[in-house]
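Colleague: Take a look at the following structure, please.
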Amino acid sequence: MKYSTPLRFILLFSIFMILFLSAKSQSYLLLPDRVFDGENMHEGWAVLVEGEYIVAAGEVRNIKAPIGAETVNLPGSTLLPGLIEGHSHLLLHPYDETSWNDQVLKESQAERVARAVVHAEKTLMAGFTTMRDLGSEGAGYADVGLKQAIEKGVIPGPRLLVAGPAIVVTGSYGPKGFASHVAVPLGAIEADGVDGLIKEVRRQIGGGADLVKIYADYRWGPNKEAMPTFSSEELKLIVETAASSGRPVVAHAATPEGMKRATLAGVKTIEHGDGGTLEIFRLMAEHGVALCPTIAAGDAVSQYRGWRKGIDAEPSRIVQKRKSFNAALEAGVTICAGGDVGVFPHGDNVRELEMMVEYGMSELEVLKSATSVNAGVFGIDDKLGLIKKGLLADIVVVTGDPSKNVSDLRQVVLVMKGGEVVFREEE
């Protein structure tokens with residue numbers, strides 16, 4: 001069939017418009033009861049999303065949705081920035097299921113990656129759209145591969161900041177307990193001295209690590225108590241080498257001396273900090289070093305070892321953790337939200353936020369820690385952590401008001417990552 005020139009033009013134009021409109025990114029006008037923007041709670045706000053980004057956030061009367069936008073009414077709910085998990089191990093699962101030693105030594109890397117794929121999806125469905133993964137624990141650079149698979153859309157999961165294999169001093173890390181003639185795979189990479197440390201840090205940078213994790217102390221004392229590992233000079237060298245590529249260093253540290261050395265060396269965050277004193281936390285605050293307390297991990301491990309929470313008296317580990325966390329709050333240290341999830345189940349990330357409230361933080365401060373504070377400390381606040389025009393539309397909506405009851409974060413009704421709805425509760 002032949003068409004006249006005008007008719008042919010109209011037909012081609014119509015086809016073009018159909019293709020253009022179908023390719024145009026989806027827009028959403030989100031209407032919750034309240035919006036936590038990463039800093040403050042607002043009543044009567046709406047959020048407009050177009051494509052990957054937030055294009056407007058503010059009072060409903062000031063926001064006009066474009067033609068074709070889907071209006072999503074969310075009565076009884078709170079909208080927040082996608083939550084940010086500060087300390088996780090996707091390649092681990094709870095120690096009451098399988099001990100850490102057996103995970104490192106007896107589970108194949110294929111099994112561990114398969115588990116991690118499930119863990120990543122559970123984390124995202126729980127409203128955590130970004131996470132730091134701080135060590136593959138014997139699985140090499142599998143965390144880098146997971147990050148790449150998520151970015152390519154092969155598997156669902158949060159945005160990842162990965163450390164690859166952590167760095168430890170020779171002789172300090174596990175698995176341990178084997179005869180001297182038996183060589184076993186370790187859960188981290190051993191490196192020491194100027195040449196060894198420079199080479200290993202650079203190798204990890206080349207391997208795709210977004211940050212470098214080191215163990216500033218470990219349980220290798222005469223009686224298996226935690227003691228410092230790297231010297232002050234070695235720590236400074238690690239930080240300097242990583243910084244030359246624009247990467248931060250984070251430090252596992254639980255002893256006052258290990259925390260002091262790491263702080264003065266210039267690490268970005270201290271992980272755990274169980275034995276921290278008011279003096280050490282003041283030093284951290286002075287040097288702008290944040291604390292990621294991982295309260296839930298110690299709580300979980302104590303229960304795995306027989307503590308009946310709510311029935312038995314709190315073990316010394318828990319008593320000390322309460323004391324150190326309150327000292328950190330008194331000293332004004334920046335608190336990151338990160339639970340060491342993997343020690344306890346993935347997807348149960350809110351457990352850490354609940355315990356931060358239990359140990360003395362207000363709900364509003366905890367919400368800040370899990371959003372804007374983590375984004376700022378991790379260097380991603382130009383893209384994430386706030387409900388703000390121009391930032392990526394990573395959004396979680398929950399039933400209730402978590403600024404009054406942090407456990408409401410468990411009542412997830414919608415999760416959006418980069419403007420794509422990845423979870424929506426069926427009505």
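Every chain in the structure tokens has a letter given in the order shown (A, B, ...), and although residue numbers restart at 1 in each chain, ligands are simply numbered from 1 in the order shown.
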Considering only C-alpha atoms, return as JSON, numbers by chain whatever protein or nucleic-acid residues lie within 12 Å of A:Ala120, sequence-local ones (same chain, fewer than 2 positions apart) excluded.
Modeller: {"A": [85, 88, 89, 90, 91, 92, 93, 113, 114, 115, 116, 117, 118, 122, 123, 124, 125, 126, 127, 128, 129, 130, 131, 132, 133, 143, 146, 147, 149, 150, 155, 156, 157, 158, 159, 160, 341, 342, 345, 346, 347, 348, 349]}
Colleague: Selection from above, N, CA and C atoms, as a short mmCIF file (atom, residue, chain, number, x, y, z; two decimals), in the first residue's frame, can you write it?
Modeller:
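Result written to selection-v9.cif:
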data_model
loop_
_atom_site.label_atom_id
_atom_site.label_comp_id
_atom_site.auth_asym_id
_atom_site.auth_seq_id
_atom_site.Cartn_x
_atom_site.Cartn_y
_atom_site.Cartn_z
N GLU A 85 23.65 0.70 55.05
CA GLU A 85 24.28 -0.22 55.99
C GLU A 85 25.79 0.03 56.00
N SER A 88 28.94 -4.63 56.81
CA SER A 88 28.32 -5.90 56.47
C SER A 88 29.35 -6.85 55.88
N HIS A 89 28.95 -8.12 55.81
CA HIS A 89 29.74 -9.16 55.14
C HIS A 89 28.77 -10.04 54.36
N LEU A 90 28.56 -9.71 53.10
CA LEU A 90 27.62 -10.46 52.28
C LEU A 90 28.01 -11.92 52.14
N LEU A 91 29.30 -12.21 52.26
CA LEU A 91 29.79 -13.57 52.04
C LEU A 91 29.83 -14.40 53.32
N LEU A 92 29.24 -13.88 54.39
CA LEU A 92 29.09 -14.64 55.63
C LEU A 92 27.62 -14.82 55.95
N HIS A 93 27.33 -15.85 56.73
CA HIS A 93 25.99 -16.03 57.27
C HIS A 93 26.11 -16.35 58.76
N VAL A 113 29.18 -17.43 47.27
CA VAL A 113 28.63 -16.42 46.35
C VAL A 113 27.13 -16.62 46.17
N ALA A 114 26.70 -17.88 46.06
CA ALA A 114 25.27 -18.15 45.92
C ALA A 114 24.51 -17.63 47.14
N ARG A 115 25.05 -17.84 48.32
CA ARG A 115 24.43 -17.31 49.53
C ARG A 115 24.40 -15.77 49.48
N ALA A 116 25.50 -15.19 49.03
CA ALA A 116 25.62 -13.73 49.00
C ALA A 116 24.58 -13.11 48.06
N VAL A 117 24.26 -13.78 46.98
CA VAL A 117 23.23 -13.29 46.07
C VAL A 117 21.90 -13.18 46.80
N VAL A 118 21.58 -14.21 47.59
CA VAL A 118 20.35 -14.18 48.38
C VAL A 118 20.42 -13.08 49.43
N LYS A 122 17.83 -9.79 50.04
CA LYS A 122 17.15 -9.59 51.32
C LYS A 122 17.46 -8.21 51.89
N THR A 123 18.70 -7.78 51.74
CA THR A 123 19.09 -6.46 52.24
C THR A 123 18.33 -5.36 51.52
N LEU A 124 18.26 -5.46 50.21
CA LEU A 124 17.55 -4.45 49.42
C LEU A 124 16.07 -4.42 49.77
N MET A 125 15.46 -5.58 49.92
CA MET A 125 14.04 -5.64 50.24
C MET A 125 13.75 -5.08 51.64
N ALA A 126 14.75 -5.06 52.49
CA ALA A 126 14.59 -4.48 53.83
C ALA A 126 14.73 -2.97 53.84
N GLY A 127 14.96 -2.37 52.66
CA GLY A 127 15.04 -0.92 52.56
C GLY A 127 16.45 -0.35 52.61
N PHE A 128 17.46 -1.22 52.61
CA PHE A 128 18.85 -0.76 52.62
C PHE A 128 19.35 -0.79 51.18
N THR A 129 19.44 0.39 50.60
CA THR A 129 19.77 0.50 49.18
C THR A 129 21.26 0.70 48.92
N THR A 130 22.04 0.90 49.99
CA THR A 130 23.49 1.03 49.89
C THR A 130 24.12 0.33 51.08
N MET A 131 25.28 -0.29 50.86
CA MET A 131 25.98 -0.89 52.00
C MET A 131 27.48 -0.95 51.76
N ARG A 132 28.22 -0.80 52.86
CA ARG A 132 29.67 -1.08 52.83
C ARG A 132 29.86 -2.55 53.19
N ASP A 133 30.58 -3.26 52.35
CA ASP A 133 30.92 -4.65 52.65
C ASP A 133 32.39 -4.69 53.04
N ASP A 143 33.46 -10.12 46.47
CA ASP A 143 32.60 -8.96 46.73
C ASP A 143 32.64 -7.96 45.59
N LEU A 146 30.35 -9.36 43.00
CA LEU A 146 28.95 -9.13 43.37
C LEU A 146 28.53 -7.70 43.05
N LYS A 147 29.40 -6.76 43.37
CA LYS A 147 29.10 -5.36 43.08
C LYS A 147 28.89 -5.16 41.58
N ALA A 149 28.01 -7.39 39.37
CA ALA A 149 26.79 -8.08 38.92
C ALA A 149 25.55 -7.26 39.24
N ILE A 150 25.54 -6.60 40.40
CA ILE A 150 24.42 -5.74 40.77
C ILE A 150 24.35 -4.53 39.84
N ILE A 155 21.83 -9.34 39.08
CA ILE A 155 21.15 -9.74 40.31
C ILE A 155 20.67 -8.48 41.02
N PRO A 156 19.60 -8.61 41.82
CA PRO A 156 19.15 -7.45 42.61
C PRO A 156 20.00 -7.29 43.86
N GLY A 157 20.19 -6.06 44.27
CA GLY A 157 20.95 -5.81 45.49
C GLY A 157 21.20 -4.34 45.68
N PRO A 158 21.72 -3.98 46.84
CA PRO A 158 22.02 -2.57 47.11
C PRO A 158 23.28 -2.11 46.38
N ARG A 159 23.48 -0.82 46.33
CA ARG A 159 24.76 -0.28 45.85
C ARG A 159 25.83 -0.72 46.85
N LEU A 160 26.98 -1.14 46.36
CA LEU A 160 28.01 -1.66 47.26
C LEU A 160 29.27 -0.81 47.23
N VAL A 341 26.44 -7.07 59.95
CA VAL A 341 25.46 -8.05 59.52
C VAL A 341 26.14 -9.12 58.67
N GLY A 342 25.72 -10.32 58.88
CA GLY A 342 26.43 -11.51 58.41
C GLY A 342 26.74 -12.34 59.63
N PRO A 345 21.50 -12.42 60.74
CA PRO A 345 20.95 -12.59 59.39
C PRO A 345 20.87 -11.32 58.56
N HIS A 346 21.23 -11.46 57.30
CA HIS A 346 21.03 -10.39 56.32
C HIS A 346 19.53 -10.16 56.15
N GLY A 347 19.17 -8.89 56.00
CA GLY A 347 17.77 -8.52 55.94
C GLY A 347 17.24 -8.08 57.29
N ASP A 348 17.99 -8.43 58.36
CA ASP A 348 17.62 -8.02 59.71
C ASP A 348 18.46 -6.82 60.14
N ASN A 349 18.85 -6.00 59.17
CA ASN A 349 19.76 -4.87 59.42
C ASN A 349 19.21 -3.87 60.42
#
Colleague: Per DSSP on the backbone, what are the alpha helix (DSSP H) residues of stretch 110-250 of chain A, as number ranges by chain?
Modeller: A: 110-125, 142-151, 193-207, 232-243
Colleague: Could you name the residues that touch A:Val239 at 12 Å or less, counting only C-alpha atoms, but leaving out those on the same chain fewer than 2 positions away, as a PyMOL selection string?
Modeller: chain A and resi 197-198+201-202+211-214+232-237+241-251+261-269
Colleague: Have a look at atom CA of A:Tyr218 and atom CA of A:Val168 and let me know their distance in Å, one decimal.
Modeller: 8.9 Å
Colleague: Considering only C-alpha atoms, can you say which of A:Val301, A:Cys336, A:Ile387, A:Arg410 comes closest to A:Glu97?
Modeller: A:Val301
Colleague: One decimal, Å: what's the distance from atom CA of A:Ala65 over to atom CA of A:Leu364, could you say?
Modeller: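 Those two atoms sit 29.7 Å apart.
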Colleague: Using only C-alpha atoms, determine which residues lie at most 9 Å from A:Leu291, disregarding the query and same-chain residues fewer than 6 positions distant; provide the list as JSON, numbers by chain.
Modeller: {"A": [268, 269, 270, 271, 272, 273, 281, 284, 328, 333, 334, 335, 336, 337]}
Colleague: Hey, which of A:Glu225, A:Glu330, A:Glu352, A:Asp312 ends up closest to A:Thr277? Count only C-alpha atoms.
Modeller: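 The answer is A:Glu330, which sits nearest to A:Thr277.
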Colleague: Any idea what's packed within 10 Å of A:Glu43, counting only C-alpha atoms, ignoring anything in its chain fewer than 6 positions away? Could you give it as a list in words?
Modeller: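 Result of the neighbour search: Pro32, Asp33, Arg34, Val35, Phe36, Gly58, Glu59, Val60 and Thr78 of chain A.
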Colleague: So that I can see what lies close to A:Ala57, please list as a PyMOL selection string the residues with an atom at most 7 Å from it, counting only C-alpha atoms and leaving out residues fewer than 4 positions away in the same chain.
Modeller: chain A and resi 45-48+387-389
Colleague: Go ahead and dump the residues you just picked, N, CA and C atoms, as a tab-separated table (two decimals), in the first residue's frame.
Modeller:
chain	number	residue	atom	x	y	z
A	45	TRP	N	4.46	16.59	53.11
A	45	TRP	CA	5.37	16.71	51.97
A	45	TRP	C	5.04	15.67	50.90
A	46	ALA	N	5.44	15.97	49.69
A	46	ALA	CA	5.41	15.03	48.58
A	46	ALA	C	6.80	14.95	47.97
A	47	VAL	N	7.05	13.87	47.25
A	47	VAL	CA	8.33	13.70	46.57
A	47	VAL	C	8.05	13.29	45.13
A	48	LEU	N	8.67	14.00	44.20
A	48	LEU	CA	8.49	13.73	42.78
A	48	LEU	C	9.77	13.11	42.22
A	387	ILE	N	16.68	13.23	50.90
A	387	ILE	CA	15.57	13.43	49.96
A	387	ILE	C	15.71	14.87	49.49
A	388	LYS	N	16.33	15.04	48.34
A	388	LYS	CA	16.71	16.37	47.87
A	388	LYS	C	16.77	16.39	46.34
A	389	LYS	N	16.32	17.46	45.77
A	389	LYS	CA	16.35	17.61	44.32
A	389	LYS	C	17.76	17.37	43.78
Colleague: Kindly assemble as JSON lines a list of the stretch 323-376 of chain A residues that lie within 6 Å of stretch 295-300 of chain A, each paired with its nearest atom pair and their distance in Å to one decimal, using only C-alpha atoms, sorted first by chain and then by ascending residue number.
Modeller:
{"residue": "A:Gly339", "atom": "CA", "partner": "A:Ala296", "partner_atom": "CA", "distance": 5.4}
{"residue": "A:Asp340", "atom": "CA", "partner": "A:Ala297", "partner_atom": "CA", "distance": 5.7}
{"residue": "A:Val343", "atom": "CA", "partner": "A:Ala297", "partner_atom": "CA", "distance": 5.9}
{"residue": "A:Glu352", "atom": "CA", "partner": "A:Ala296", "partner_atom": "CA", "distance": 5.1}
Colleague: Find the residue from A:Asn405, A:Thr98, A:Lys323, A:Tyr28 that sits nearest to A:Asn73; use only C-alpha atoms when measuring.
Modeller: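 Nearest candidate to A:Asn73 out of A:Asn405, A:Thr98, A:Lys323, A:Tyr28: A:Tyr28.
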